[in-house]
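Asks: What follows is structure.txt; its format and atoms are compact mmCIF, C-alpha atoms and all ligand atoms.
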# COMPACT_ATOMS: atom_id res chain seq x y z
CA MET A 20 -64.76 1.84 -16.28
CA HIS A 21 -63.82 2.98 -12.77
CA LYS A 22 -60.17 3.07 -13.83
CA VAL A 23 -61.00 5.22 -16.90
CA LYS A 24 -62.90 7.69 -14.70
CA LEU A 25 -59.94 7.90 -12.35
CA ILE A 26 -57.53 8.55 -15.23
CA ILE A 27 -59.80 11.27 -16.68
CA SER A 28 -60.25 12.98 -13.32
CA THR A 29 -56.48 12.79 -12.71
CA ILE A 30 -55.82 14.35 -16.13
CA LEU A 31 -58.37 17.10 -15.39
CA LEU A 32 -56.82 17.78 -11.98
CA VAL A 33 -53.32 18.02 -13.43
CA PHE A 34 -54.63 20.28 -16.22
CA PHE A 35 -56.50 22.50 -13.76
CA ALA A 36 -53.48 22.76 -11.44
CA SER A 37 -51.23 23.71 -14.34
CA VAL A 38 -53.68 26.43 -15.41
CA VAL A 39 -53.78 27.88 -11.91
CA THR A 40 -50.02 27.80 -11.37
CA ALA A 41 -49.30 29.08 -14.88
CA GLU A 42 -51.25 32.20 -13.99
CA THR A 43 -49.36 32.74 -10.74
CA THR A 44 -46.51 35.23 -10.70
CA VAL A 45 -44.34 36.00 -7.68
CA ILE A 46 -42.53 39.33 -7.62
CA HIS A 47 -39.66 39.75 -5.18
CA ALA A 48 -39.64 43.43 -4.26
CA GLY A 49 -36.51 44.93 -2.66
CA THR A 50 -38.75 47.67 -1.28
CA LEU A 51 -42.51 47.60 -1.65
CA LEU A 52 -44.81 50.58 -1.31
CA SER A 53 -48.16 48.84 -1.56
CA VAL A 54 -50.31 51.76 -0.39
CA PRO A 55 -48.97 55.29 -1.04
CA GLY A 56 -49.23 57.23 2.21
CA GLU A 57 -48.17 54.21 4.27
CA ASN A 58 -44.59 53.13 5.01
CA PRO A 59 -42.74 51.06 2.41
CA LEU A 60 -41.49 47.63 3.53
CA SER A 61 -38.31 45.87 2.49
CA LYS A 62 -38.01 42.33 1.07
CA GLN A 63 -41.61 41.49 0.21
CA SER A 64 -43.24 39.05 -2.20
CA LEU A 65 -46.21 40.11 -4.31
CA ILE A 66 -48.25 37.15 -5.48
CA VAL A 67 -50.24 37.88 -8.63
CA LYS A 68 -53.04 35.63 -9.90
CA ASN A 69 -55.44 36.21 -12.78
CA GLY A 70 -54.31 39.79 -13.27
CA ALA A 71 -54.90 40.82 -9.65
CA ILE A 72 -52.94 41.05 -6.40
CA HIS A 73 -53.61 37.77 -4.61
CA GLU A 74 -51.40 38.15 -1.56
CA ILE A 75 -48.39 39.98 -0.14
CA ARG A 76 -45.96 37.96 1.96
CA LYS A 77 -42.88 38.89 3.98
CA GLY A 78 -39.51 37.80 2.57
CA TYR A 79 -38.77 36.30 -0.82
CA VAL A 80 -41.08 33.31 -1.15
CA GLN A 81 -40.82 30.61 -3.81
CA ILE A 82 -43.98 28.95 -5.11
CA GLU A 83 -43.39 25.84 -7.14
CA GLY A 84 -44.62 26.05 -10.70
CA SER A 85 -44.96 29.84 -10.57
CA ARG A 86 -43.14 32.46 -12.54
CA HIS A 87 -40.72 34.45 -10.37
CA ILE A 88 -39.67 38.01 -11.17
CA ASP A 89 -36.63 39.37 -9.37
CA LEU A 90 -37.05 43.04 -8.46
CA SER A 91 -34.97 42.71 -5.29
CA CYS A 92 -32.86 45.57 -6.60
CA CYS A 93 -35.80 47.92 -6.89
CA PHE A 94 -38.48 50.07 -5.38
CA VAL A 95 -41.86 48.59 -6.34
CA LEU A 96 -45.08 50.60 -6.30
CA PRO A 97 -48.56 50.80 -7.87
CA GLY A 98 -48.86 51.80 -11.54
CA LEU A 99 -49.39 55.54 -12.02
CA ILE A 100 -52.63 57.18 -13.12
CA ASP A 101 -52.88 60.27 -15.35
CA LEU A 102 -56.30 61.97 -15.53
CA HIS A 103 -55.52 64.24 -18.45
CA VAL A 104 -54.17 62.88 -21.73
CA HIS A 105 -55.02 63.29 -25.42
CA LEU A 106 -53.76 60.05 -26.92
CA THR A 107 -54.62 60.90 -30.54
CA THR A 108 -52.86 64.27 -30.43
CA PRO A 109 -49.18 64.73 -31.31
CA VAL A 110 -47.33 67.80 -30.03
CA LYS A 111 -47.25 69.81 -33.22
CA ALA A 112 -47.54 73.50 -34.07
CA GLY A 113 -51.03 74.46 -35.26
CA GLY A 114 -52.47 71.42 -36.86
CA SER A 115 -56.02 72.62 -37.55
CA LEU A 116 -55.91 70.92 -40.96
CA ARG A 117 -55.68 67.53 -39.22
CA VAL A 118 -59.39 67.77 -38.48
CA VAL A 119 -60.25 67.57 -42.17
CA THR A 120 -57.46 65.27 -43.36
CA GLU A 121 -57.07 62.49 -40.77
CA THR A 122 -59.27 59.40 -40.65
CA SER A 123 -60.11 57.45 -37.51
CA ALA A 124 -57.57 54.83 -38.69
CA ASP A 125 -54.84 57.50 -38.80
CA LEU A 126 -55.77 58.59 -35.28
CA ALA A 127 -55.90 55.03 -33.94
CA LEU A 128 -52.41 54.26 -35.25
CA THR A 129 -51.03 57.49 -33.82
CA ALA A 130 -52.72 56.81 -30.48
CA ALA A 131 -51.42 53.22 -30.37
CA ARG A 132 -47.86 54.54 -30.50
CA PHE A 133 -48.53 57.12 -27.79
CA ALA A 134 -50.29 54.53 -25.62
CA ARG A 135 -47.16 52.34 -25.67
CA MET A 136 -44.97 55.33 -24.72
CA THR A 137 -47.34 56.19 -21.87
CA LEU A 138 -47.32 52.63 -20.52
CA ASP A 139 -43.51 52.45 -20.79
CA ALA A 140 -43.38 55.58 -18.60
CA GLY A 141 -45.20 53.68 -15.84
CA PHE A 142 -48.69 55.08 -16.38
CA THR A 143 -50.96 52.05 -16.30
CA THR A 144 -54.25 54.00 -16.35
CA VAL A 145 -55.11 57.19 -18.23
CA LEU A 146 -58.18 59.35 -18.69
CA ASP A 147 -58.40 60.48 -22.30
CA LEU A 148 -60.18 63.84 -22.41
CA GLY A 149 -60.97 63.76 -26.12
CA THR A 150 -60.83 66.26 -28.93
CA GLY A 151 -64.48 66.72 -29.95
CA ARG A 152 -64.25 64.74 -33.18
CA ARG A 153 -66.14 61.59 -34.15
CA GLN A 154 -62.94 60.13 -35.68
CA HIS A 155 -61.25 60.52 -32.28
CA GLU A 156 -64.10 58.70 -30.56
CA GLU A 157 -63.84 55.78 -32.97
CA ALA A 158 -60.06 55.60 -32.59
CA ILE A 159 -59.97 55.82 -28.81
CA TYR A 160 -62.72 53.24 -28.25
CA ALA A 161 -60.98 50.78 -30.59
CA LEU A 162 -57.67 51.34 -28.80
CA ARG A 163 -59.34 51.03 -25.37
CA LYS A 164 -60.64 47.59 -26.38
CA ALA A 165 -57.31 46.46 -27.88
CA THR A 166 -55.31 47.45 -24.80
CA ARG A 167 -57.92 46.03 -22.42
CA GLU A 168 -57.59 42.68 -24.20
CA HIS A 169 -53.76 42.98 -24.26
CA ARG A 170 -53.74 42.87 -28.07
CA LEU A 171 -51.73 46.10 -28.04
CA PRO A 172 -49.45 47.48 -25.33
CA GLY A 173 -51.01 50.43 -23.55
CA PRO A 174 -52.50 51.67 -20.32
CA ARG A 175 -56.05 51.01 -19.14
CA ILE A 176 -57.91 53.72 -21.03
CA ILE A 177 -60.84 55.58 -19.51
CA ALA A 178 -62.37 57.72 -22.25
CA VAL A 179 -64.83 60.61 -22.32
CA GLY A 180 -65.45 60.34 -26.08
CA SER A 181 -66.10 63.95 -27.04
CA PRO A 182 -66.29 66.77 -24.49
CA ILE A 183 -69.71 68.44 -24.12
CA SER A 184 -69.90 72.13 -25.06
CA PRO A 185 -72.55 74.70 -26.02
CA SER A 186 -72.64 76.19 -29.53
CA GLY A 187 -69.63 78.38 -30.18
CA HIS A 188 -67.48 76.87 -27.44
CA SER A 189 -66.35 73.54 -28.78
CA ARG A 190 -62.59 73.32 -29.07
CA THR A 191 -63.00 72.41 -32.73
CA GLY A 192 -65.00 75.54 -33.59
CA LEU A 193 -62.04 77.14 -35.33
CA TYR A 194 -63.38 77.17 -38.85
CA ARG A 195 -65.45 79.31 -41.18
CA SER A 196 -69.12 78.56 -40.53
CA ASP A 197 -69.65 76.67 -43.82
CA VAL A 198 -66.56 74.53 -43.11
CA GLU A 199 -67.63 73.92 -39.52
CA LYS A 200 -70.95 72.57 -40.76
CA ILE A 201 -68.99 69.83 -42.55
CA VAL A 202 -66.44 69.29 -39.78
CA GLY A 203 -69.34 69.16 -37.29
CA PRO A 204 -67.95 69.24 -33.73
CA GLU A 205 -69.33 66.45 -31.55
CA GLY A 206 -70.98 66.84 -28.14
CA VAL A 207 -72.55 70.24 -28.76
CA CYS A 208 -75.82 70.95 -26.88
CA ASN A 209 -78.00 73.89 -25.92
CA GLY A 210 -80.72 73.88 -23.26
CA VAL A 211 -81.41 71.44 -20.46
CA ASP A 212 -83.08 68.65 -22.48
CA ASP A 213 -80.56 68.85 -25.29
CA CYS A 214 -77.68 68.59 -22.81
CA ARG A 215 -79.26 65.51 -21.22
CA ARG A 216 -79.44 64.06 -24.74
CA ALA A 217 -75.77 64.90 -25.41
CA VAL A 218 -74.62 63.11 -22.25
CA ARG A 219 -76.78 60.06 -23.00
CA GLU A 220 -75.42 59.96 -26.54
CA GLN A 221 -71.81 60.02 -25.36
CA VAL A 222 -72.50 57.23 -22.88
CA LYS A 223 -74.32 55.20 -25.54
CA ARG A 224 -71.30 55.48 -27.85
CA GLY A 225 -68.99 54.30 -25.08
CA ALA A 226 -67.96 57.15 -22.74
CA ASP A 227 -66.68 55.97 -19.34
CA ALA A 228 -66.83 59.54 -17.97
CA ILE A 229 -68.21 62.89 -19.11
CA ASN A 230 -66.11 65.97 -19.76
CA PHE A 231 -67.66 69.40 -20.33
CA TYR A 232 -66.32 72.89 -21.00
CA ASN A 233 -67.57 75.23 -18.29
CA THR A 234 -65.67 78.29 -19.59
CA GLY A 235 -64.27 79.45 -22.91
CA SER A 236 -60.87 78.22 -24.08
CA LEU A 237 -57.57 79.78 -23.00
CA LEU A 238 -56.90 80.08 -26.71
CA ASP A 239 -60.06 82.11 -27.48
CA GLU A 240 -59.62 85.79 -28.29
CA TYR A 241 -62.28 86.68 -25.73
CA LEU A 242 -62.40 84.20 -22.85
CA VAL A 243 -66.06 83.61 -21.87
CA GLU A 244 -66.24 83.17 -18.09
CA GLN A 245 -69.14 80.73 -18.05
CA THR A 246 -70.36 78.84 -21.08
CA PHE A 247 -73.32 76.69 -20.01
CA THR A 248 -76.06 78.11 -17.74
CA ASP A 249 -76.30 76.77 -14.18
CA GLU A 250 -79.33 74.71 -15.24
CA GLU A 251 -77.52 73.18 -18.22
CA MET A 252 -74.53 72.22 -16.03
CA LEU A 253 -76.87 70.63 -13.51
CA ALA A 254 -78.56 68.65 -16.30
CA ILE A 255 -75.17 67.42 -17.59
CA VAL A 256 -73.92 66.36 -14.15
CA GLU A 257 -77.20 64.79 -13.01
CA THR A 258 -77.57 62.78 -16.22
CA ALA A 259 -73.94 61.60 -16.09
CA HIS A 260 -74.22 60.60 -12.42
CA ALA A 261 -77.51 58.79 -13.04
CA LEU A 262 -75.66 56.76 -15.68
CA GLY A 263 -72.80 56.03 -13.24
CA ARG A 264 -70.28 58.38 -14.89
CA LYS A 265 -67.92 60.80 -13.14
CA VAL A 266 -67.85 64.35 -14.48
CA ILE A 267 -64.83 66.45 -15.35
CA ALA A 268 -65.33 70.20 -15.82
CA ASP A 269 -62.56 71.73 -17.90
CA GLY A 270 -62.31 75.49 -17.48
CA HIS A 271 -60.41 78.51 -16.31
CA THR A 272 -62.26 81.33 -14.59
CA ALA A 273 -63.94 81.31 -11.17
CA ARG A 274 -67.48 81.94 -12.42
CA GLY A 275 -67.64 78.88 -14.65
CA VAL A 276 -65.60 76.69 -12.30
CA ASN A 277 -67.74 77.55 -9.27
CA ALA A 278 -70.94 76.93 -11.24
CA ALA A 279 -69.61 73.50 -12.26
CA LEU A 280 -68.77 72.67 -8.64
CA ARG A 281 -72.22 73.78 -7.48
CA ALA A 282 -73.69 71.51 -10.16
CA GLY A 283 -71.72 68.60 -8.66
CA ALA A 284 -68.70 68.11 -10.97
CA ASP A 285 -66.26 65.52 -9.60
CA ILE A 286 -63.03 66.92 -11.05
CA VAL A 287 -62.22 70.51 -12.03
CA ASP A 288 -59.42 70.73 -14.51
CA THR A 289 -56.88 73.53 -15.20
CA VAL A 290 -58.48 76.44 -13.17
CA PRO A 291 -55.78 79.13 -13.42
CA TRP A 292 -58.09 81.88 -12.13
CA PRO A 293 -60.12 80.67 -9.15
CA ASP A 294 -61.49 82.80 -6.29
CA ALA A 295 -61.95 82.22 -2.55
CA GLU A 296 -65.29 80.49 -3.14
CA THR A 297 -63.66 77.94 -5.46
CA TRP A 298 -61.65 76.45 -2.59
CA LYS A 299 -64.68 76.41 -0.26
CA LEU A 300 -66.79 74.67 -2.92
CA LEU A 301 -64.02 72.17 -3.68
CA LYS A 302 -63.72 71.19 -0.04
CA LYS A 303 -67.47 71.12 0.56
CA SER A 304 -68.22 69.03 -2.52
CA ASP A 305 -65.31 66.62 -2.00
CA ALA A 306 -64.27 67.19 -5.63
CA TYR A 307 -60.70 66.99 -6.93
CA PHE A 308 -58.55 69.63 -8.60
CA SER A 309 -56.33 68.61 -11.53
CA PRO A 310 -54.03 71.53 -12.39
CA HIS A 311 -51.52 70.18 -15.01
CA LEU A 312 -48.67 72.63 -14.32
CA TYR A 313 -45.95 70.97 -16.39
CA ALA A 314 -47.89 71.60 -19.62
CA PHE A 315 -47.77 75.34 -18.91
CA GLU A 316 -44.07 75.04 -18.09
CA VAL A 317 -43.19 73.18 -21.28
CA SER A 318 -45.33 75.19 -23.65
CA LEU A 319 -44.59 78.65 -22.23
CA GLY A 320 -41.33 78.62 -20.31
CA ASP A 321 -40.77 81.48 -17.86
CA THR A 322 -39.97 84.48 -20.00
CA GLU A 323 -41.34 86.40 -22.97
CA GLU A 324 -38.54 84.89 -25.06
CA SER A 325 -39.30 81.31 -24.05
CA LEU A 326 -42.95 82.02 -24.78
CA ARG A 327 -42.04 82.45 -28.42
CA SER A 328 -39.98 79.29 -28.61
CA GLY A 329 -42.29 76.91 -26.68
CA THR A 330 -44.68 74.39 -28.19
CA THR A 331 -47.47 77.02 -28.46
CA HIS A 332 -45.30 79.75 -30.03
CA TRP A 333 -47.59 79.88 -33.06
CA LEU A 334 -50.46 81.42 -31.07
CA PRO A 335 -51.35 85.12 -31.45
CA GLU A 336 -49.53 87.58 -29.18
CA PRO A 337 -52.43 88.54 -26.83
CA ILE A 338 -53.18 84.88 -26.16
CA LEU A 339 -49.52 84.12 -25.44
CA ARG A 340 -49.53 86.99 -22.92
CA ARG A 341 -52.64 85.60 -21.26
CA LEU A 342 -51.00 82.20 -21.02
CA LEU A 343 -47.91 83.71 -19.43
CA SER A 344 -50.09 85.51 -16.87
CA VAL A 345 -51.34 82.10 -15.69
CA LYS A 346 -47.91 81.59 -14.21
CA GLU A 347 -47.65 85.01 -12.61
CA ASN A 348 -50.53 84.59 -10.15
CA PRO A 349 -48.74 82.45 -8.66
CA TYR A 350 -50.12 79.13 -9.71
CA SER A 351 -53.60 78.43 -8.40
CA ALA A 352 -52.32 74.98 -7.39
CA GLU A 353 -50.22 76.61 -4.68
CA ALA A 354 -53.33 78.18 -3.12
CA ALA A 355 -55.25 74.93 -3.59
CA TYR A 356 -52.58 73.02 -1.69
CA LYS A 357 -52.56 75.58 1.14
CA HIS A 358 -56.35 75.34 1.39
CA GLY A 359 -56.14 71.55 1.73
CA VAL A 360 -57.88 70.85 -1.57
CA LYS A 361 -57.50 67.31 -2.89
CA ILE A 362 -55.28 67.26 -5.98
CA ALA A 363 -55.46 64.56 -8.65
CA PHE A 364 -52.69 64.04 -11.20
CA GLY A 365 -53.16 65.18 -14.81
CA SER A 366 -50.42 66.07 -17.28
CA ASP A 367 -52.14 67.12 -20.56
CA THR A 368 -49.99 65.01 -22.88
CA GLY A 369 -50.61 66.15 -26.41
CA VAL A 370 -49.54 69.57 -25.18
CA ILE A 371 -46.46 67.90 -23.66
CA GLU A 372 -44.84 64.82 -25.22
CA HIS A 373 -46.50 61.45 -24.60
CA GLY A 374 -44.41 59.47 -22.14
CA ASP A 375 -43.25 62.66 -20.45
CA ASN A 376 -46.22 62.51 -18.04
CA ALA A 377 -44.02 62.22 -14.93
CA GLY A 378 -42.67 65.74 -15.53
CA GLU A 379 -45.73 66.93 -13.58
CA PHE A 380 -44.36 65.53 -10.30
CA ALA A 381 -41.52 68.06 -10.02
CA GLU A 382 -44.00 70.88 -10.65
CA LEU A 383 -46.24 69.63 -7.85
CA LEU A 384 -43.24 69.78 -5.51
CA LYS A 385 -42.61 73.38 -6.54
CA VAL A 386 -46.09 74.39 -5.32
CA GLY A 387 -45.50 72.79 -1.93
CA LEU A 388 -46.39 69.10 -2.07
CA THR A 389 -43.99 66.54 -0.61
CA SER A 390 -42.82 63.66 -2.82
CA GLU A 391 -45.21 61.36 -0.98
CA GLN A 392 -48.15 63.72 -1.53
CA ALA A 393 -47.24 64.10 -5.20
CA LEU A 394 -47.20 60.31 -5.59
CA ILE A 395 -50.59 60.10 -3.86
CA THR A 396 -52.08 62.47 -6.49
CA ALA A 397 -51.20 59.91 -9.20
CA THR A 398 -52.35 56.83 -7.28
CA ILE A 399 -54.83 56.98 -4.38
CA ASN A 400 -56.31 60.39 -5.32
CA ALA A 401 -56.54 59.84 -9.07
CA ALA A 402 -58.19 56.43 -8.53
CA SER A 403 -60.71 57.90 -6.15
CA ALA A 404 -61.42 60.97 -8.34
CA ILE A 405 -62.47 58.72 -11.22
CA GLY A 406 -64.35 56.25 -9.01
CA LEU A 407 -61.90 53.32 -9.28
CA GLN A 408 -60.63 53.49 -5.69
CA ASN A 409 -61.44 49.81 -5.14
CA GLN A 410 -59.61 48.62 -8.26
CA ILE A 411 -56.43 50.65 -8.88
CA GLY A 412 -54.03 53.06 -7.13
CA GLN A 413 -52.70 50.62 -4.53
CA LEU A 414 -51.34 47.09 -4.36
CA SER A 415 -53.70 45.38 -1.95
CA THR A 416 -55.46 42.02 -2.25
CA GLY A 417 -58.09 42.11 -4.98
CA PHE A 418 -56.69 45.22 -6.70
CA ALA A 419 -55.46 45.13 -10.31
CA ALA A 420 -51.88 43.92 -10.70
CA ASP A 421 -50.72 47.27 -12.08
CA ILE A 422 -47.16 47.27 -10.80
CA ILE A 423 -44.14 49.38 -11.64
CA ALA A 424 -40.57 49.55 -10.36
CA VAL A 425 -37.85 52.19 -10.22
CA SER A 426 -34.20 51.98 -9.11
CA GLY A 427 -34.25 54.47 -6.22
CA ASN A 428 -36.74 55.64 -3.62
CA PRO A 429 -39.19 58.16 -5.17
CA LEU A 430 -40.22 59.29 -1.69
CA ASN A 431 -36.72 60.77 -1.38
CA HIS A 432 -36.27 61.73 -5.04
CA ILE A 433 -39.47 62.12 -7.04
CA GLU A 434 -37.39 62.23 -10.26
CA GLU A 435 -37.02 58.46 -9.90
CA LEU A 436 -40.54 58.23 -11.37
CA SER A 437 -39.18 59.54 -14.67
CA ASN A 438 -37.14 56.36 -15.08
CA VAL A 439 -39.49 53.41 -14.70
CA ILE A 440 -37.74 50.10 -15.38
CA PHE A 441 -40.54 47.58 -14.89
CA VAL A 442 -44.20 47.75 -15.90
CA MET A 443 -46.97 45.20 -15.36
CA ARG A 444 -50.60 45.95 -16.21
CA ASP A 445 -53.40 43.60 -15.18
CA GLY A 446 -50.78 40.93 -14.51
CA VAL A 447 -49.07 41.18 -17.92
CA VAL A 448 -45.43 42.32 -18.02
CA TYR A 449 -44.82 45.05 -20.62
CA LYS A 450 -41.40 46.29 -19.56
CA SER A 451 -38.69 44.49 -17.69
CA PRO A 452 -35.09 45.25 -16.68
CA GLU A 453 -33.96 41.77 -17.81
ZN ZN B 501 -56.07 68.90 -22.43
Rewrite the structure of this file - the entire thing - as structure tokens.
Ligand SMILES: [Zn+2]
Replies:
Amino acid sequence: MHKVKLIISTILLVFFASVVTAETTVIHAGTLLSVPGENPLSKQSLIVKNGAIHEIRKGYVQIEGSRHIDLSCCFVLPGLIDLHVHLTTPVKAGGSLRVVTETSADLALTAARFARMTLDAGFTTVLDLGTGRRQHEEAIYALRKATREHRLPGPRIIAVGSPISPSGHSRTGLYRSDVEKIVGPEGVCNGVDDCRRAVREQVKRGADAINFYNTGSLLDEYLVEQTFTDEEMLAIVETAHALGRKVIADGHTARGVNAALRAGADIVDTVPWPDAETWKLLKKSDAYFSPHLYAFEVSLGDTEESLRSGTTHWLPEPILRRLLSVKENPYSAEAAYKHGVKIAFGSDTGVIEHGDNAGEFAELLKVGLTSEQALITATINAASAIGLQNQIGQLSTGFAADIIAVSGNPLNHIEELSNVIFVMRDGVVYKSPE
């Protein structure tokens, strides 16, 4: 009997040991930048267990029974974070008919393809800012679950579901009133109580964060400078925060942006026309600014001619002119940087091609950021802006094993980030140079 017990416990021990070691991966990094903002170190070993960073050791260590990945040729850094994507949206002229023709299954399949392209580009976490359609919500939540469980390749998806807007300002309100009744934009609310309801409803359906439109759209004929009242914005932000959700305010003009910041928004997105108070409020509130410059560059170009050949060439003339004027200010991001405002990375894929997210880095350099600062916007800052500063954005013990590698040093040449050769998310390898 004693002998049987011994055999069983020996078998269990061997089994347990094999489970532990099977989950251990050792990455030999030629150069390792574990925390953007600190100095990179050469010849390091990253030890990954159970999807997280377990330890970092000097030199190339060998651990018996572990899987070893040779990235001694490469520059290894944390996976990138993009706080502005639309995974169900292809870059396509017009497309308003999609709202009444596509099912949630269509959108999920489209988004699955774009999620893979995004992950391949080294973006291991994205914030999907939604489209205001129930079919989108269903698709994005299904994809979020599938990627989380590694059933499909894709980044960690943080989703807002549908953005919150007041009547007349949803981004899907493009239709004749009888058609709009059928299309029914999601997340519409009016008045303080109704806006609390709208936030709760989004969270109940699965929103990780709340996005609301604080001004009219850049594509509206008449751009409303503030959509929700101050009280409605406060109700949205307070309800979201009480439910543990960060709040993104997507808008353009100072009045609406400043009101959102006073209400306590955590991230202000786009903001081509701020004023002096915007910068003061941003600094005082500790909020982040996410400008997405590359999307303007790609869709508009620099001249009147390029405006008519870009991805938004189908828009009416006065709106195209307004879009061009965004770039003539100069960019608000330049002033934001000079004022010491914290910038978080967002690319607006869907307007630009999915997988082309890293194009934003070069634009950030044009407004004054160094390569290191630009990298920080897509790691440390983006993680902190969305409240995941203890989980992603750096490769320290206990953080997610979201690891990428490039051939050269991106601190010298930021373009290196456009050619990611290795991607691991939560300890699972999705792209490898071998
Ligand atoms: Zn967008």
Asks: Would you list the contacts of segment 208-215 of chain A as a list in words, taking every protein, DNA or RNA residue within 6 Å and counting all atoms listed in the file, but skipping same-chain residues closer than 3 positions in sequence?
Replies: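 Skipping anything fewer than 3 positions along the chain leaves Pro185, Val218, Glu251, Ala254, Ile255 and Thr258 of chain A.
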Asks: Might you pull out every residue within 7 Å of His73 of chain A, with only C-alpha atoms counted and same-chain residues fewer than 5 positions away left off, and present them as JSON, numbers by chain?
Replies: {"A": [66, 67, 68, 416, 417]}
Asks: Excluding Leu237 of chain A and residues on its chain fewer than 2 positions from it, collect all residues at most 12 Å away from it, counting all atoms listed in the file, and give them as JSON, numbers by chain.
Replies: {"A": [188, 190, 232, 233, 234, 235, 239, 240, 241, 242, 243, 244, 269, 270, 271, 272, 289, 290, 291, 292, 315, 331, 334, 335, 337, 338, 339, 340, 341, 342, 343, 344, 345]}
Asks: What does the structure give for the distance between atom CA of Ala401 of chain A and atom CA of Ala363 of chain A, in Å to one decimal?
Replies: 4.9 Å
Asks: Please indicate the distance in Å from atom CA of Thr398 of chain A to atom CA of Pro429 of chain A, rounded to one decimal place.
Replies: 13.4 Å
Asks: May I have the residues within 9 Å of Ser426 of chain A as a list of chain:residue names, using only C-alpha atoms and disregarding those fewer than 6 positions away in the same chain?
Replies: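 Listed by chain and then number, they are A:Cys92, A:Cys93, A:Phe94, A:Val95, A:Glu435, A:Asn438, A:Val439, A:Ile440.
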Asks: Set the cut-off to 10 Å, count only C-alpha atoms and all ligand atoms, and list whatever residues fall near ligand ZN 501 (chain B) as a PDB file with C-alpha atoms, keeping the file's coordinate frame.
Replies:
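This went into part_20.pdb:
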ATOM      1  CA  LEU A 102     -56.300  61.970 -15.530  1.00  0.00           C
ATOM      2  CA  HIS A 103     -55.520  64.240 -18.450  1.00  0.00           C
ATOM      3  CA  VAL A 104     -54.170  62.880 -21.730  1.00  0.00           C
ATOM      4  CA  HIS A 105     -55.020  63.290 -25.420  1.00  0.00           C
ATOM      5  CA  THR A 108     -52.860  64.270 -30.430  1.00  0.00           C
ATOM      6  CA  ASP A 147     -58.400  60.480 -22.300  1.00  0.00           C
ATOM      7  CA  LEU A 148     -60.180  63.840 -22.410  1.00  0.00           C
ATOM      8  CA  GLY A 149     -60.970  63.760 -26.120  1.00  0.00           C
ATOM      9  CA  THR A 150     -60.830  66.260 -28.930  1.00  0.00           C
ATOM     10  CA  ASP A 269     -62.560  71.730 -17.900  1.00  0.00           C
ATOM     11  CA  ASP A 288     -59.420  70.730 -14.510  1.00  0.00           C
ATOM     12  CA  THR A 289     -56.880  73.530 -15.200  1.00  0.00           C
ATOM     13  CA  HIS A 311     -51.520  70.180 -15.010  1.00  0.00           C
ATOM     14  CA  ALA A 314     -47.890  71.600 -19.620  1.00  0.00           C
ATOM     15  CA  GLY A 365     -53.160  65.180 -14.810  1.00  0.00           C
ATOM     16  CA  SER A 366     -50.420  66.070 -17.280  1.00  0.00           C
ATOM     17  CA  ASP A 367     -52.140  67.120 -20.560  1.00  0.00           C
ATOM     18  CA  THR A 368     -49.990  65.010 -22.880  1.00  0.00           C
ATOM     19  CA  GLY A 369     -50.610  66.150 -26.410  1.00  0.00           C
ATOM     20  CA  VAL A 370     -49.540  69.570 -25.180  1.00  0.00           C
ATOM     21  CA  ILE A 371     -46.460  67.900 -23.660  1.00  0.00           C
TER      22      ILE A 371
END
Asks: Have a look at A:Glu168, A:Glu250, A:Glu121, A:Glu57 and name the one nearest to Arg444 of chain A; count only C-alpha atoms.
Replies: A:Glu168
Asks: Show me, as a list in words, the residues that have an atom within 10 Å of Ser181 of chain A when counting only C-alpha atoms, minus same-chain residues fewer than 3 positions from it.
Replies: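 Listing them by chain and then by number gives Asp147, Leu148, Gly149, Thr150, Gly151, Arg152, Arg153, Gln154, His155, Glu156, Ala178, Ser184, Ser189, Pro204, Glu205, Gly206, Val207, Ala217, Val218, Gln221, Arg224, Ala226, Ile229, Asn230 and Phe231 of chain A.
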Asks: Go ahead and compute the interatomic distance for atom CA of Pro293 of chain A and atom CA of Ile405 of chain A, in Å to one decimal.
Replies: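 A separation of 22.2 Å between them.
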Asks: Using only C-alpha atoms and a cutoff of 12 Å, can you tell me which residues are near (-42.8, 57.0, -22.2) in the file's coordinates, and write them out as a PyMOL selection string?
Replies: chain A and resi 132-143+173-174+368+371-378+436-440+442+450
Asks: I need the residue nearest Glu316 of chain A from this list: A:Arg281, A:Lys357, A:Lys299, A:Lys385. Use all atoms listed in the file for the distance.
Replies: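 Residue with the minimum atom-to-atom distance to Glu316 of chain A: A:Lys385.
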Asks: Between A:Thr297, A:Ser390, A:Glu323, A:Thr144, which residue has the minimum interatomic distance to Ala354 of chain A, considering only C-alpha atoms?
Replies: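 Among A:Thr297, A:Ser390, A:Glu323, A:Thr144, it is A:Thr297 that comes nearest to Ala354 of chain A.
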Asks: Name the closest residue to Val179 of chain A among the candidates A:Ile72, A:Ala228, A:Ala131, A:Ala402; distances are taken between atoms, counting only C-alpha atoms.
Replies: A:Ala228
Asks: Around the point (-37.3, 43.7, -6.2) in the file's coordinates, collect all residues with an atom within 10 Å, using only C-alpha atoms, and return them as a PyMOL selection string.
Replies: chain A and resi 46-51+61-65+79+88-95+424-426
Asks: Could you check which of A:Ala124, A:Leu383, A:Ile177, A:Leu60 is closest to Ile433 of chain A, using all atoms listed in the file?
Replies: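 With all atoms listed in the file as the atom set, the closest residue is A:Leu383.
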